[in-house]
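Read through the structure below, which is laid out as structure tokens, and then see the notes.
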Amino acid sequence: MSRSARRIPTVNLSHYRSGMPQERARFVQVFGDAIKEFGFVTVEGHGIEDGLIRRTYSDVEKFFQLPEDVKSRYAVPERPGQRGFMAFGQEHAKNRKVGDLKEFWHVGRELDAGHPYLADYGANVWPKEVPSFREHTLNLYRELDGAATVMLQALAEYFELPRTTFSDMTVDGNSVLRVIHYPPLKERFIPGAVRAAEHEDINFITLLCEGTSGGLELLTRDGEWLPVDTLRGQIVVDSGDMLSRVTNNVIPATTHRVVNPPSPAEDTVRYSMPFFVHPYSDCSLKPLPSMETPDNPARHPPITADAFLKQRLRELGFLK
């Protein structure tokens, strides 16, 4: 099949949430097959209000249009790359020295003052210049968190595991909503850099609301770069390193990237909003017993989600 003809599968989450038994079964099968083969799947019928996504994008645009000195006030040096603002070019992919052509903001889980994970996760910060930023991003966070829980339950059914096997690992997890600004290249460019160099996500799964322009590509198992176009009302879901470890590499952590605009005519601003679903801090990423077989023995030593996250943040240049 040609590159242009190949597409990642599309499923409708409402079929799993409230469909007939055959619709639920088909969702589980197609969703699981897609994650297992591509590490990517497109989800429709996810139940997240389009207006909420639009309002959040509007706030994101307002924030990133602020002067650099104003944005930099919201950097969180004690938690670089985990909460608040991260300046342009500061993040680089693993094993790369050149920064990506983007800046972003992280919204994390809101926890009560006495919560045992608050010291690990840290508190959110909020830009006073955009008063509705907090409300809209937190509402979107909660909606995406709920959708992710349902998807992880469907994935457990696919592997004939207890339904909450994966979702239990993400209760009070260190999940993050990242809102990203990719400026036009003609405005800001680093020689040798791309918008997002090829990488694998750190976390369990990522839910990506439709971006404001294209550029996302995934690397298939046969080494082919495949464009991933998300239409309005769709969410792209991909699997990360943590889920790959727990499933003993049965599910891949798929390499993907955001390429630079191919022509000056397409050199426009791009915004995107990935939601990174993380387990709770002391969750063990040891492969599940059912995923270990004589043909596929344990491929990863045990490690907690927090220790693995910190290891990867060091590789990305956030932690020393």
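Identifiers in this document derive from the order of the structure tokens: chains are assigned A, B, ..., residues are numbered from 1 separately in each chain, and ligands are numbered from 1 in order of occurrence.
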To test your reading of the structure, identify every residue in segment 55-302 of chain A that backbone DSSP assigns to strand (DSSP E), and report it as a ChimeraX atom specification. /A:84-86,103-108,176-182,196-199,205-209,216-219,225-227,235-239,256-258,270-277
Run DSSP on the backbone and grab whatever in segment 70-227 of chain A lands in alpha helix (DSSP H); send it over as number ranges by chain. A: 70-72, 118-121, 133-158
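Each of A:Leu177, A:Val11, A:Leu313, A:Val228 was checked against Phe27 of chain A using only C-alpha atoms; the smallest atom-to-atom distance is that of A:Val11.
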Which residues are near segment 76-88 of chain A? Cut-off 8 Å, only C-alpha atoms, ignore same chain within fewer than 2 positions. Put them as a list in words. Lys71, Ser72, Tyr74, Gln90, Glu91, Asp100, Leu101, Lys102, Glu103, Phe104, Trp105, His106, Val107, Gly108, Gly122, Ala123, Asn124, Val125, Trp126, Val176, Leu313, Phe318 and Leu319 of chain A
All residues 6 Å or closer to segment 32-44 of chain A, only C-alpha atoms, same chain fewer than 5 positions away omitted, as a tab-separated table (two decimals) with C-alpha atoms, in the first residue's frame:
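Dumped to result-v8.tsv:
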chain	number	residue	atom	x	y	z
A	8	ILE	CA	-4.30	4.80	10.94
A	9	PRO	CA	-7.65	3.26	11.96
A	10	THR	CA	-10.51	5.41	13.27
A	11	VAL	CA	-12.87	4.37	16.08
A	12	ASN	CA	-15.82	5.99	17.85
A	155	LEU	CA	-7.37	-1.72	26.07
A	158	TYR	CA	-8.51	-6.24	24.43
A	234	GLN	CA	-11.08	13.87	16.33
A	235	ILE	CA	-8.41	13.00	18.86
A	236	VAL	CA	-5.26	11.09	17.97
A	237	VAL	CA	-4.15	8.61	20.63
A	238	ASP	CA	-0.64	7.20	20.78
A	239	SER	CA	1.21	4.87	23.13
A	251	ILE	CA	2.57	-2.37	22.55
A	252	PRO	CA	5.18	-0.15	20.89
A	254	THR	CA	5.91	4.67	18.46
Sorted by chain and rising residue number, which residues of segment 161-234 of chain A lie within 9 Å of segment 116-120 of chain A, and what are their closest atom pairs and distances in Å to one decimal, counting only C-alpha atoms, as a Markdown table?
| residue | atom | partner | partner_atom | distance |
| --- | --- | --- | --- | --- |
| A:Asp172 | CA | A:Tyr117 | CA | 8.2 |
| A:Gly173 | CA | A:Tyr117 | CA | 8.8 |
| A:Asn174 | CA | A:Tyr117 | CA | 8.6 |
For the residues selected in the previous step, produce a file with N, CA and C atoms as a short mmCIF file (atom, residue, chain, number, x, y, z; two decimals), in the first residue's frame.
data_model
loop_
_atom_site.label_atom_id
_atom_site.label_comp_id
_atom_site.auth_asym_id
_atom_site.auth_seq_id
_atom_site.Cartn_x
_atom_site.Cartn_y
_atom_site.Cartn_z
N ASP A 172 -5.03 9.41 40.10
CA ASP A 172 -4.17 10.45 40.69
C ASP A 172 -2.79 10.47 40.05
N GLY A 173 -2.71 10.08 38.78
CA GLY A 173 -1.43 10.04 38.09
C GLY A 173 -0.91 11.43 37.75
N ASN A 174 0.37 11.49 37.41
CA ASN A 174 1.05 12.75 37.14
C ASN A 174 0.84 13.18 35.68
#
